[in-house]
>>> print(open('target-v3.cif').read())   # mmCIF, C-alpha atoms
data_final
loop_
_atom_site.label_atom_id
_atom_site.label_comp_id
_atom_site.auth_asym_id
_atom_site.auth_seq_id
_atom_site.Cartn_x
_atom_site.Cartn_y
_atom_site.Cartn_z
CA GLN Q 534 5.61 0.65 24.13
CA HIS Q 535 4.98 -1.10 20.81
CA TYR Q 536 8.41 -2.71 21.12
CA LYS Q 537 7.49 -4.00 24.58
CA ASP Q 538 4.21 -5.32 23.18
CA GLY Q 539 6.11 -7.41 20.62
CA VAL Q 540 5.07 -5.77 17.37
CA ASP Q 541 6.86 -6.46 14.07
CA LEU Q 542 6.25 -3.22 12.19
CA ILE Q 543 5.24 0.40 12.85
CA LYS Q 544 2.48 1.97 10.75
CA ILE Q 545 1.94 5.71 10.91
CA MET Q 546 -0.78 7.95 9.50
CA PRO Q 547 0.69 11.16 8.08
CA SER Q 548 -2.42 11.98 6.03
CA GLY Q 549 -6.18 11.83 6.44
CA GLY Q 550 -8.13 8.66 5.70
CA VAL Q 551 -11.23 7.64 3.78
CA LEU Q 552 -13.35 5.95 6.43
CA ASP Q 553 -12.76 8.29 9.36
CA GLU Q 554 -15.47 10.92 9.79
CA SER Q 555 -13.34 13.89 8.78
CA SER Q 556 -13.93 15.84 5.60
CA SER Q 557 -10.40 15.60 4.16
CA VAL Q 558 -8.67 12.49 2.87
CA ASP Q 559 -5.44 14.08 1.69
CA ASN Q 560 -4.49 16.69 4.28
CA ALA Q 561 -1.06 16.32 5.86
CA GLN Q 562 -1.48 15.65 9.57
CA LEU Q 563 2.06 15.02 10.80
CA THR Q 564 4.81 17.63 10.56
CA GLU Q 565 8.24 16.88 9.13
CA PRO Q 566 9.93 16.92 12.58
CA GLU Q 567 7.25 14.56 13.94
CA LEU Q 568 7.79 12.14 11.06
CA GLN Q 569 11.56 12.29 11.44
CA ALA Q 570 11.25 11.51 15.15
CA LEU Q 571 8.86 8.62 14.54
CA VAL Q 572 11.06 7.03 11.90
CA ALA Q 573 14.25 7.56 13.92
CA ALA Q 574 12.72 5.90 17.00
CA ALA Q 575 11.34 2.98 14.95
CA LYS Q 576 14.69 2.40 13.27
CA ASP Q 577 16.45 2.36 16.65
CA TYR Q 578 14.39 -0.76 17.37
CA GLY Q 579 14.80 -2.22 13.87
CA PHE Q 580 11.18 -1.78 12.80
CA PRO Q 581 10.12 -1.22 9.19
CA VAL Q 582 7.84 1.82 8.96
CA ALA Q 583 4.73 1.86 6.77
CA ALA Q 584 2.96 5.16 6.14
CA HIS Q 585 -0.75 5.42 5.38
CA ALA Q 586 -0.75 8.43 3.07
CA HIS Q 587 -3.19 9.64 0.41
CA GLY Q 588 -2.07 13.24 -0.13
CA ALA Q 589 0.95 14.32 -2.16
CA GLU Q 590 2.41 16.51 0.58
CA ALA Q 591 2.03 13.82 3.23
CA ILE Q 592 3.74 11.34 0.90
CA ARG Q 593 6.61 13.76 0.27
CA ARG Q 594 7.17 14.32 3.99
CA ALA Q 595 7.03 10.61 4.78
CA VAL Q 596 9.49 9.65 2.04
CA LEU Q 597 11.97 12.32 3.11
CA ALA Q 598 11.66 11.11 6.72
CA GLY Q 599 12.77 7.65 5.60
CA VAL Q 600 9.67 5.44 5.78
CA ASP Q 601 9.92 2.04 4.13
CA SER Q 602 6.59 2.15 2.32
CA ILE Q 603 3.66 4.32 1.32
CA GLU Q 604 0.28 2.62 1.66
CA HIS Q 605 -2.53 3.77 -0.70
CA GLY Q 606 -0.72 6.82 -2.17
CA THR Q 607 -3.87 7.95 -3.97
CA PHE Q 608 -2.86 11.50 -4.86
CA MET Q 609 0.84 10.80 -5.36
CA ASP Q 610 2.25 13.23 -7.92
CA ASP Q 611 5.19 13.07 -10.32
CA ALA Q 612 7.54 14.68 -7.79
CA ASP Q 613 6.56 12.06 -5.19
CA MET Q 614 7.22 9.26 -7.66
CA LYS Q 615 10.65 10.64 -8.50
CA LEU Q 616 11.45 10.96 -4.79
CA MET Q 617 10.28 7.40 -4.06
CA LYS Q 618 12.52 6.04 -6.79
CA GLN Q 619 15.48 7.97 -5.38
CA HIS Q 620 14.88 6.69 -1.84
CA HIS Q 621 13.70 3.24 -2.93
CA THR Q 622 10.50 3.73 -0.97
CA TRP Q 623 8.05 0.94 -1.67
CA TYR Q 624 4.53 1.73 -2.88
CA VAL Q 625 1.68 -0.54 -1.73
CA PRO Q 626 -1.32 0.57 -3.83
CA THR Q 627 -4.19 -1.37 -2.15
CA ILE Q 628 -6.32 -0.75 -5.25
CA ILE Q 629 -8.99 -3.14 -4.01
CA ALA Q 630 -9.73 -0.96 -0.99
CA GLY Q 631 -10.23 2.11 -3.17
CA ASP Q 632 -12.31 0.16 -5.64
CA PHE Q 633 -14.55 -1.23 -2.88
CA VAL Q 634 -15.21 2.07 -1.12
CA GLY Q 635 -15.76 3.79 -4.47
CA GLN Q 636 -18.45 1.26 -5.36
CA LYS Q 637 -20.10 1.45 -1.93
CA ALA Q 638 -20.12 5.26 -2.05
CA LYS Q 639 -22.73 4.98 -4.83
CA ILE Q 640 -25.20 3.35 -2.41
CA PRO Q 641 -27.20 6.04 -0.61
CA GLY Q 642 -26.67 5.85 3.14
CA TYR Q 643 -23.96 3.18 3.05
CA TYR Q 644 -21.42 5.68 4.40
CA PRO Q 645 -21.93 9.02 6.16
CA ALA Q 646 -22.05 11.84 3.60
CA GLN Q 647 -18.53 13.13 4.24
CA VAL Q 648 -17.08 9.60 4.04
CA ALA Q 649 -19.01 8.86 0.83
CA ALA Q 650 -17.63 12.02 -0.78
CA LYS Q 651 -14.05 10.97 -0.02
CA ALA Q 652 -14.64 7.38 -1.12
CA ALA Q 653 -16.08 8.51 -4.45
CA GLN Q 654 -12.99 10.65 -5.00
CA VAL Q 655 -10.43 7.99 -4.05
CA GLY Q 656 -11.97 4.99 -5.83
CA PRO Q 657 -11.18 5.82 -9.47
CA GLN Q 658 -7.98 7.75 -8.67
CA ILE Q 659 -6.18 4.96 -6.84
CA LEU Q 660 -6.31 2.71 -9.94
CA LYS Q 661 -4.88 5.48 -12.13
CA THR Q 662 -2.14 6.30 -9.63
CA ALA Q 663 -1.08 2.65 -9.40
CA GLY Q 664 -0.70 2.46 -13.17
CA ASP Q 665 1.19 5.74 -13.34
CA ALA Q 666 3.54 4.64 -10.54
CA TYR Q 667 4.27 1.34 -12.29
CA ARG Q 668 5.06 3.11 -15.56
CA ALA Q 669 7.29 5.57 -13.66
CA GLY Q 670 9.32 2.72 -12.16
CA VAL Q 671 8.31 3.17 -8.51
CA PRO Q 672 9.05 -0.01 -6.48
CA ILE Q 673 5.70 -1.76 -5.87
CA ALA Q 674 4.70 -4.41 -3.35
CA PHE Q 675 1.36 -6.18 -3.08
CA GLY Q 676 -1.01 -5.26 -0.25
CA THR Q 677 -4.76 -5.13 0.10
CA ASP Q 678 -5.90 -3.20 3.21
CA ALA Q 679 -8.12 -6.19 4.05
CA GLY Q 680 -10.85 -5.29 6.49
CA VAL Q 681 -11.97 -2.24 4.54
CA TYR Q 682 -13.84 -4.85 2.46
CA PRO Q 683 -14.69 -8.42 3.58
CA HIS Q 684 -11.72 -10.68 4.27
CA GLY Q 685 -11.21 -13.41 1.69
CA GLN Q 686 -11.55 -11.18 -1.38
CA ASN Q 687 -7.88 -10.14 -1.25
CA ALA Q 688 -6.84 -11.86 -4.49
CA HIS Q 689 -9.02 -9.47 -6.51
CA GLU Q 690 -6.09 -7.08 -6.07
CA PHE Q 691 -4.22 -9.10 -8.71
CA GLU Q 692 -6.95 -8.37 -11.27
CA LEU Q 693 -6.94 -4.68 -10.42
CA MET Q 694 -3.16 -4.42 -10.68
CA VAL Q 695 -3.32 -5.92 -14.17
CA GLN Q 696 -6.22 -3.61 -15.02
CA ALA Q 697 -4.00 -0.69 -13.95
CA GLY Q 698 -1.41 -1.75 -16.51
CA MET Q 699 0.93 -4.06 -14.61
CA PRO Q 700 1.87 -7.34 -16.35
CA PRO Q 701 0.57 -10.47 -14.58
CA ALA Q 702 4.12 -11.63 -13.85
CA PHE Q 703 4.89 -8.31 -12.18
CA ALA Q 704 1.76 -8.56 -10.02
CA LEU Q 705 2.85 -12.03 -8.88
CA GLN Q 706 6.35 -10.77 -8.10
CA ALA Q 707 4.86 -7.87 -6.14
CA ALA Q 708 3.04 -10.38 -3.92
CA THR Q 709 6.05 -12.65 -3.43
CA THR Q 710 9.61 -11.38 -3.84
CA HIS Q 711 8.77 -7.68 -3.49
CA ALA Q 712 6.51 -8.06 -0.45
CA ALA Q 713 9.05 -10.30 1.27
CA LYS Q 714 11.78 -7.70 0.76
CA LEU Q 715 9.59 -4.89 2.06
CA LEU Q 716 8.77 -6.88 5.21
CA ARG Q 717 12.44 -7.84 5.60
CA MET Q 718 11.43 -11.49 5.46
CA ASP Q 719 13.09 -12.41 2.17
CA ARG Q 720 15.54 -14.78 3.91
CA ASP Q 721 12.59 -17.04 4.76
CA ILE Q 722 9.83 -16.40 2.20
CA GLY Q 723 9.14 -14.86 -1.20
CA THR Q 724 10.85 -17.38 -3.49
CA VAL Q 725 10.78 -21.15 -3.86
CA GLU Q 726 14.27 -22.29 -2.93
CA ALA Q 727 16.11 -24.53 -0.49
CA GLY Q 728 16.10 -23.31 3.09
CA LYS Q 729 12.96 -21.21 2.86
CA PHE Q 730 9.46 -21.95 4.08
CA ALA Q 731 7.56 -23.95 1.46
CA ASP Q 732 4.61 -21.59 1.08
CA ILE Q 733 3.34 -22.60 -2.36
CA VAL Q 734 -0.02 -21.78 -3.96
CA ALA Q 735 -1.39 -23.91 -6.80
CA VAL Q 736 -4.02 -22.59 -9.21
CA PRO Q 737 -5.98 -24.46 -11.92
CA GLY Q 738 -4.25 -23.03 -14.96
CA ASP Q 739 -1.77 -20.35 -16.02
CA PRO Q 740 -2.18 -17.07 -14.09
CA LEU Q 741 0.08 -15.35 -16.61
CA ALA Q 742 -2.67 -15.98 -19.16
CA ASP Q 743 -5.57 -15.33 -16.76
CA ILE Q 744 -4.66 -13.51 -13.55
CA ALA Q 745 -8.20 -14.11 -12.21
CA LEU Q 746 -7.09 -17.70 -11.51
CA MET Q 747 -5.31 -16.33 -8.44
CA LYS Q 748 -8.73 -16.14 -6.80
#
>>> encode(input="target-v3.cif", output="structure tokens")
Amino acid sequence: QHYKDGVDLIKIMPSGGVLDESSSVDNAQLTEPELQALVAAAKDYGFPVAAHAHGAEAIRRAVLAGVDSIEHGTFMDDADMKLMKQHHTWYVPTIIAGDFVGQKAKIPGYYPAQVAAKAAQVGPQILKTAGDAYRAGVPIAFGTDAGVYPHGQNAHEFELMVQAGMPPAFALQAATTHAAKLLRMDRDIGTVEAGKFADIVAVPGDPLADIALMK
């Protein structure tokens, strides 16, 4: 049905989430056979498959099923990281989303109690996981989960990636060459070269010296 509707990518949810009104953010909620069937069907139609996954077990199952990327990956463990390197599964940290919900969880009544508890747990952890994954050599692409926080603040992700321990140049590559490869669009975008779309951003200074200029 998604193919008939003209979609470009399939996103699945093999673990719990932060903002839904359940009590668990990291429980696995798709079985291995379900994930294998989803990925096999998507690949028959040529779709990349992104997997929203916070929990380590959900990440493991998704990677083994052959997804293209793990979104969020908050509780990714060392075994997951090793597996992702082996399968060249991209990691899209979306640190800004975790940072935002973690901050808002401190405001009484901003979220329902069970959502606030999950947000407070995810916020600090997602930054640490992103840094650990970078140091472990997991392939990383830029993504922001915009909509969890107000649209237009997306570029703050650059600052958070650097805060997590990624060099500014790596953060810029994650948002250009890496993201284009993940989306299978690197023939058209991602680098400045003849024959590609001329999507160029200018900033008032050197972002390698001050990544905040990307905002």
>>> closest_residue(input="target-v3.cif", among="Q:Ile733, Q:Ala669, Q:Ile659, Q:Ala650", to="Q:Glu554", atoms="all atoms listed in the file")
Q:Ala650
>>> residues_around(input="target-v3.cif", residues="stretch 540-544 of chain Q", least_positions_apart="6", cutoff="6 Å", atoms="all atoms listed in the file", output="VMD selection string")
chain Q and resid 580 to 584
>>> closest_residue(input="target-v3.cif", among="Q:Lys651, Q:Lys637, Q:Lys576, Q:His587", to="Q:Asp613", atoms="only C-alpha atoms")
Q:His587
>>> closest_residue(input="target-v3.cif", among="Q:Ala727, Q:Leu568, Q:Ala630, Q:Ala652", to="Q:Gly680", atoms="only C-alpha atoms")
Q:Ala630
>>> resolve_selection(input="target-v3.cif", expression="the PyMOL selection byres ((chain Q and resi 710-718) around 12)", output="JSON, numbers by chain")
{"Q": [541, 542, 543, 579, 580, 581, 582, 583, 600, 601, 602, 603, 604, 621, 622, 623, 624, 625, 671, 672, 673, 674, 675, 676, 677, 702, 703, 704, 705, 706, 707, 708, 709, 719, 720, 721, 722, 723, 724, 725, 726, 729, 730]}
>>> resolve_selection(input="target-v3.cif", expression="the PyMOL selection byres ((chain Q and resi 588) around 8)", output="ChimeraX atom specification")
/Q:548-549,558-561,586-587,589-592,606-609
>>> residues_around(input="target-v3.cif", residues="Q:Val648", least_positions_apart="6", cutoff="9 Å", atoms="all atoms listed in the file", output="list in words")
Val551, Leu552, Asp553, Glu554, Ser555, Ser556, Ser557, Val558 and Ala638 of chain Q
>>> resolve_selection(input="target-v3.cif", expression="the PyMOL selection byres ((chain Q and resi 658) around 10)", output="number ranges by chain")
Q: 606-609, 628, 631-632, 635, 653-657, 659-663
>>> write_last_selection(input="target-v3.cif", atoms="C-alpha atoms", output="JSON list (two decimals), keeping the file's coordinate frame")
[["chain", "number", "residue", "atom", "x", "y", "z"],
["Q", 606, "GLY", "CA", -0.72, 6.82, -2.17],
["Q", 607, "THR", "CA", -3.87, 7.95, -3.97],
["Q", 608, "PHE", "CA", -2.86, 11.50, -4.86],
["Q", 609, "MET", "CA", 0.84, 10.80, -5.36],
["Q", 628, "ILE", "CA", -6.32, -0.75, -5.25],
["Q", 631, "GLY", "CA", -10.23, 2.11, -3.17],
["Q", 632, "ASP", "CA", -12.31, 0.16, -5.64],
["Q", 635, "GLY", "CA", -15.76, 3.79, -4.47],
["Q", 653, "ALA", "CA", -16.08, 8.51, -4.45],
["Q", 654, "GLN", "CA", -12.99, 10.65, -5.00],
["Q", 655, "VAL", "CA", -10.43, 7.99, -4.05],
["Q", 656, "GLY", "CA", -11.97, 4.99, -5.83],
["Q", 657, "PRO", "CA", -11.18, 5.82, -9.47],
["Q", 659, "ILE", "CA", -6.18, 4.96, -6.84],
["Q", 660, "LEU", "CA", -6.31, 2.71, -9.94],
["Q", 661, "LYS", "CA", -4.88, 5.48, -12.13],
["Q", 662, "THR", "CA", -2.14, 6.30, -9.63],
["Q", 663, "ALA", "CA", -1.08, 2.65, -9.40]]
